[in-house]
Amino acid sequence: MGIVSSTVLPTPLDIVIAFQQLILTGELPSHLQVSIFRAALGFLVGAGLGLVFGIIVGFSSKTEAYMDPSIQMLRTVPHLAVAPLFILWFGFGEVSKVLLIAKGAFFPIYVNTFLGIRGVDSKLFDVARILQFSRWKQVTRLILPAALPSILLGIRLSLGIAWLGLVVAELMGSSEGIGYMIMDARQFSQTDIVFVGIIIFAVVGKLSDSFVRLLEKRLLKWRESYTGTH
């Protein structure tokens, strides 16, 4: 209705037109491809290490005593606090961006894997002893399947944090990616393009979360749990 300036809040039509123009020029697909690659690589590095460390610490109380306090301390350090340090160490290249994303993705899956392993019902181990399970069978057929719901929850949370890390990484210093596109649009007061970038982050983030939820349904068919009232 023209009450609010389009610079402050563009109309939905303005956003759709900006979206179409960015696609036609090839700018949006190019930036999106770069951002997805960065997020995926950072997630794989961070979540992979988080899973490994979560399993190691979860299985050993001695390792927990040595490693967990330091990891928990690092978990509380914000992205924005370490971003300048990563830039000083690794420059403005891809390494610093990927590592910043990996830092965020590491902790949710580490914590959930650790808690999932420690939360396995001790009665199951009595059953394992009766069935004469070896240590390897206990791990593969008892502990990890029982911890799988927590591990998958950690993966979902890690994916979300990876996107947050991506935004910080691309806003701190980048020449391509959706975060860069948003920063560039802000400098020229192109609010419609800023909204396009925000919507892209939201949609891709939701799609990745839906993929993990689908994975949960496939892998956790055996589990009977409360699904809510109708």
# chains A, B, ... in the order shown; residues from 1 in each chain; ligands from 1
>>> closest_atom_pairs(of="segment 124-170 of chain A", to="segment 40-47 of chain A", cutoff="10 Å", atoms="only C-alpha atoms", output="JSON lines")
{"residue": "A:Gly154", "atom": "CA", "partner": "A:Ala47", "partner_atom": "CA", "distance": 8.6}
{"residue": "A:Ile155", "atom": "CA", "partner": "A:Ala47", "partner_atom": "CA", "distance": 7.1}
{"residue": "A:Ser158", "atom": "CA", "partner": "A:Ala47", "partner_atom": "CA", "distance": 6.8}
{"residue": "A:Leu159", "atom": "CA", "partner": "A:Phe43", "partner_atom": "CA", "distance": 6.7}
{"residue": "A:Gly160", "atom": "CA", "partner": "A:Phe43", "partner_atom": "CA", "distance": 9.7}
{"residue": "A:Ile161", "atom": "CA", "partner": "A:Phe43", "partner_atom": "CA", "distance": 8.9}
{"residue": "A:Ala162", "atom": "CA", "partner": "A:Phe43", "partner_atom": "CA", "distance": 5.9}
{"residue": "A:Trp163", "atom": "CA", "partner": "A:Phe43", "partner_atom": "CA", "distance": 8.9}
{"residue": "A:Gly165", "atom": "CA", "partner": "A:Gly42", "partner_atom": "CA", "distance": 8.9}
{"residue": "A:Leu166", "atom": "CA", "partner": "A:Gly42", "partner_atom": "CA", "distance": 8.6}
>>> write_last_selection(atoms="C-alpha atoms", output="compact mmCIF listing (two decimals), in the first residue's frame")
# COMPACT_ATOMS: atom_id res chain seq x y z
CA GLY A 154 22.95 -34.59 16.76
CA ILE A 155 23.19 -34.73 12.97
CA SER A 158 24.79 -30.06 13.40
CA LEU A 159 23.24 -29.32 10.02
CA GLY A 160 21.45 -26.29 11.46
CA ILE A 161 24.60 -24.99 13.14
CA ALA A 162 26.57 -25.60 9.93
CA TRP A 163 24.27 -23.16 8.12
CA GLY A 165 28.50 -21.05 10.61
CA LEU A 166 28.24 -20.60 6.86
>>> residues_around(residues="Leu142 of chain A", least_positions_apart="6", cutoff="12 Å", atoms="only C-alpha atoms", output="PDB file with N, CA and C atoms, in the first residue's frame")
ATOM      1  N   GLY A 116      24.104 -40.344  24.026  1.00  0.00           N
ATOM      2  CA  GLY A 116      23.392 -41.520  23.527  1.00  0.00           C
ATOM      3  C   GLY A 116      24.035 -42.810  23.985  1.00  0.00           C
ATOM      4  N   ILE A 117      25.369 -42.859  23.937  1.00  0.00           N
ATOM      5  CA  ILE A 117      26.097 -44.060  24.381  1.00  0.00           C
ATOM      6  C   ILE A 117      25.946 -44.248  25.885  1.00  0.00           C
ATOM      7  N   GLY A 119      23.573 -43.264  27.670  1.00  0.00           N
ATOM      8  CA  GLY A 119      22.171 -43.452  28.039  1.00  0.00           C
ATOM      9  C   GLY A 119      21.626 -44.834  27.713  1.00  0.00           C
ATOM     10  N   VAL A 120      22.474 -45.729  27.208  1.00  0.00           N
ATOM     11  CA  VAL A 120      22.036 -47.089  26.889  1.00  0.00           C
ATOM     12  C   VAL A 120      21.645 -47.815  28.184  1.00  0.00           C
ATOM     13  N   ASP A 121      20.480 -48.459  28.168  1.00  0.00           N
ATOM     14  CA  ASP A 121      19.970 -49.164  29.348  1.00  0.00           C
ATOM     15  C   ASP A 121      20.941 -50.270  29.776  1.00  0.00           C
ATOM     16  N   SER A 122      21.340 -50.246  31.042  1.00  0.00           N
ATOM     17  CA  SER A 122      22.308 -51.233  31.544  1.00  0.00           C
ATOM     18  C   SER A 122      21.746 -52.658  31.515  1.00  0.00           C
ATOM     19  N   LYS A 123      20.423 -52.785  31.519  1.00  0.00           N
ATOM     20  CA  LYS A 123      19.808 -54.124  31.465  1.00  0.00           C
ATOM     21  C   LYS A 123      20.121 -54.833  30.158  1.00  0.00           C
ATOM     22  N   LEU A 124      20.328 -54.039  29.101  1.00  0.00           N
ATOM     23  CA  LEU A 124      20.653 -54.646  27.809  1.00  0.00           C
ATOM     24  C   LEU A 124      21.992 -55.389  27.861  1.00  0.00           C
ATOM     25  N   PHE A 125      22.890 -54.917  28.713  1.00  0.00           N
ATOM     26  CA  PHE A 125      24.192 -55.578  28.830  1.00  0.00           C
ATOM     27  C   PHE A 125      24.054 -56.941  29.511  1.00  0.00           C
ATOM     28  N   ASP A 126      23.065 -57.062  30.406  1.00  0.00           N
ATOM     29  CA  ASP A 126      22.786 -58.364  31.016  1.00  0.00           C
ATOM     30  C   ASP A 126      22.321 -59.360  29.958  1.00  0.00           C
ATOM     31  N   VAL A 127      21.479 -58.876  29.054  1.00  0.00           N
ATOM     32  CA  VAL A 127      21.006 -59.717  27.946  1.00  0.00           C
ATOM     33  C   VAL A 127      22.185 -60.104  27.053  1.00  0.00           C
ATOM     34  N   ALA A 128      23.082 -59.143  26.798  1.00  0.00           N
ATOM     35  CA  ALA A 128      24.250 -59.404  25.951  1.00  0.00           C
ATOM     36  C   ALA A 128      25.149 -60.462  26.571  1.00  0.00           C
ATOM     37  N   ARG A 129      25.278 -60.431  27.904  1.00  0.00           N
ATOM     38  CA  ARG A 129      26.102 -61.433  28.585  1.00  0.00           C
ATOM     39  C   ARG A 129      25.477 -62.826  28.468  1.00  0.00           C
ATOM     40  N   LEU A 131      23.547 -63.848  26.071  1.00  0.00           N
ATOM     41  CA  LEU A 131      23.706 -64.271  24.677  1.00  0.00           C
ATOM     42  C   LEU A 131      25.171 -64.444  24.288  1.00  0.00           C
ATOM     43  N   PHE A 133      27.575 -62.206  23.826  1.00  0.00           N
ATOM     44  CA  PHE A 133      28.035 -61.275  22.792  1.00  0.00           C
ATOM     45  C   PHE A 133      29.502 -60.929  23.039  1.00  0.00           C
ATOM     46  N   SER A 134      30.270 -60.881  21.969  1.00  0.00           N
ATOM     47  CA  SER A 134      31.641 -60.367  22.065  1.00  0.00           C
ATOM     48  C   SER A 134      31.583 -58.855  22.238  1.00  0.00           C
ATOM     49  N   ARG A 135      32.734 -58.250  22.543  1.00  0.00           N
ATOM     50  CA  ARG A 135      32.780 -56.781  22.705  1.00  0.00           C
ATOM     51  C   ARG A 135      32.346 -56.092  21.410  1.00  0.00           C
ATOM     52  N   TRP A 136      32.768 -56.625  20.268  1.00  0.00           N
ATOM     53  CA  TRP A 136      32.429 -56.030  18.974  1.00  0.00           C
ATOM     54  C   TRP A 136      30.927 -56.112  18.727  1.00  0.00           C
ATOM     55  N   LEU A 148      21.523 -44.626  18.459  1.00  0.00           N
ATOM     56  CA  LEU A 148      21.258 -44.039  17.141  1.00  0.00           C
ATOM     57  C   LEU A 148      20.267 -42.879  17.159  1.00  0.00           C
TER      58      LEU A 148
END
>>> closest_atom_pairs(of="segment 148-174 of chain A", to="segment 76-84 of chain A", cutoff="9 Å", atoms="only C-alpha atoms", output="CSV")
residue,atom,partner,partner_atom,distance
A:Leu164,CA,A:His79,CA,9.0
A:Gly165,CA,A:His79,CA,7.0
A:Val168,CA,A:Leu80,CA,7.1
A:Ala169,CA,A:Ala83,CA,7.3
A:Met172,CA,A:Ala83,CA,7.5
>>> atom_distance(atom1="atom CA of Ser35 of chain A", atom2="atom CA of Ser174 of chain A")
10.7 Å
>>> closest_residue(among="A:Lys103, A:Leu13, A:Arg156, A:Leu88", to="Ser210 of chain A", atoms="only C-alpha atoms")
A:Arg156
>>> residues_around(residues="Leu214 of chain A", least_positions_apart="6", cutoff="12 Å", atoms="only C-alpha atoms", output="list in words")
Leu152, Arg156, Leu207, Ser208, Leu220 and Lys221 of chain A
>>> write_last_selection(atoms="C-alpha atoms", output="PDB file, in the first residue's frame")
ATOM      1  CA  LEU A 152      20.611 -38.673  14.421  1.00  0.00           C
ATOM      2  CA  ARG A 156      20.034 -32.604  12.643  1.00  0.00           C
ATOM      3  CA  LEU A 207      15.311 -29.380   3.056  1.00  0.00           C
ATOM      4  CA  SER A 208      18.454 -30.686   4.756  1.00  0.00           C
ATOM      5  CA  LEU A 220      14.452 -46.160  13.455  1.00  0.00           C
ATOM      6  CA  LYS A 221      11.533 -48.255  12.215  1.00  0.00           C
TER       7      LYS A 221
END
>>> residues_around(residues="Tyr110 of chain A", least_positions_apart="6", cutoff="6 Å", atoms="only C-alpha atoms", output="list in words")
Gly50, Leu51 and Gly54 of chain A
>>> closest_residue(among="A:Glu94, A:Ile109, A:Leu215, A:Leu144", to="Val34 of chain A", atoms="only C-alpha atoms")
A:Glu94
>>> closest_residue(among="A:Ser61, A:Phe114, A:Phe53, A:Phe201", to="Met181 of chain A", atoms="only C-alpha atoms")
A:Phe201
>>> closest_residue(among="A:Phe86, A:Phe92, A:Phe59, A:Phe195", to="Glu176 of chain A", atoms="only C-alpha atoms")
A:Phe92
>>> atom_distance(atom1="atom CA of Gly197 of chain A", atom2="atom CA of Leu22 of chain A")
10.5 Å
>>> residues_around(residues="Ile198 of chain A", least_positions_apart="5", cutoff="12 Å", atoms="only C-alpha atoms", output="JSON, numbers by chain")
{"A": [15, 19, 32, 163, 164, 167, 178, 179, 180, 181, 182, 183, 185, 191, 192, 193, 203, 204, 205]}
>>> atom_distance(atom1="atom CA of Ile36 of chain A", atom2="atom CA of Gly177 of chain A")
8.6 Å
>>> closest_residue(among="A:Gln138, A:Ser189, A:Pro108, A:Asp68", to="Ile56 of chain A", atoms="only C-alpha atoms")
A:Asp68
>>> closest_residue(among="A:Gln33, A:Ile151, A:Glu170, A:Asp209", to="Ile87 of chain A", atoms="only C-alpha atoms")
A:Glu170
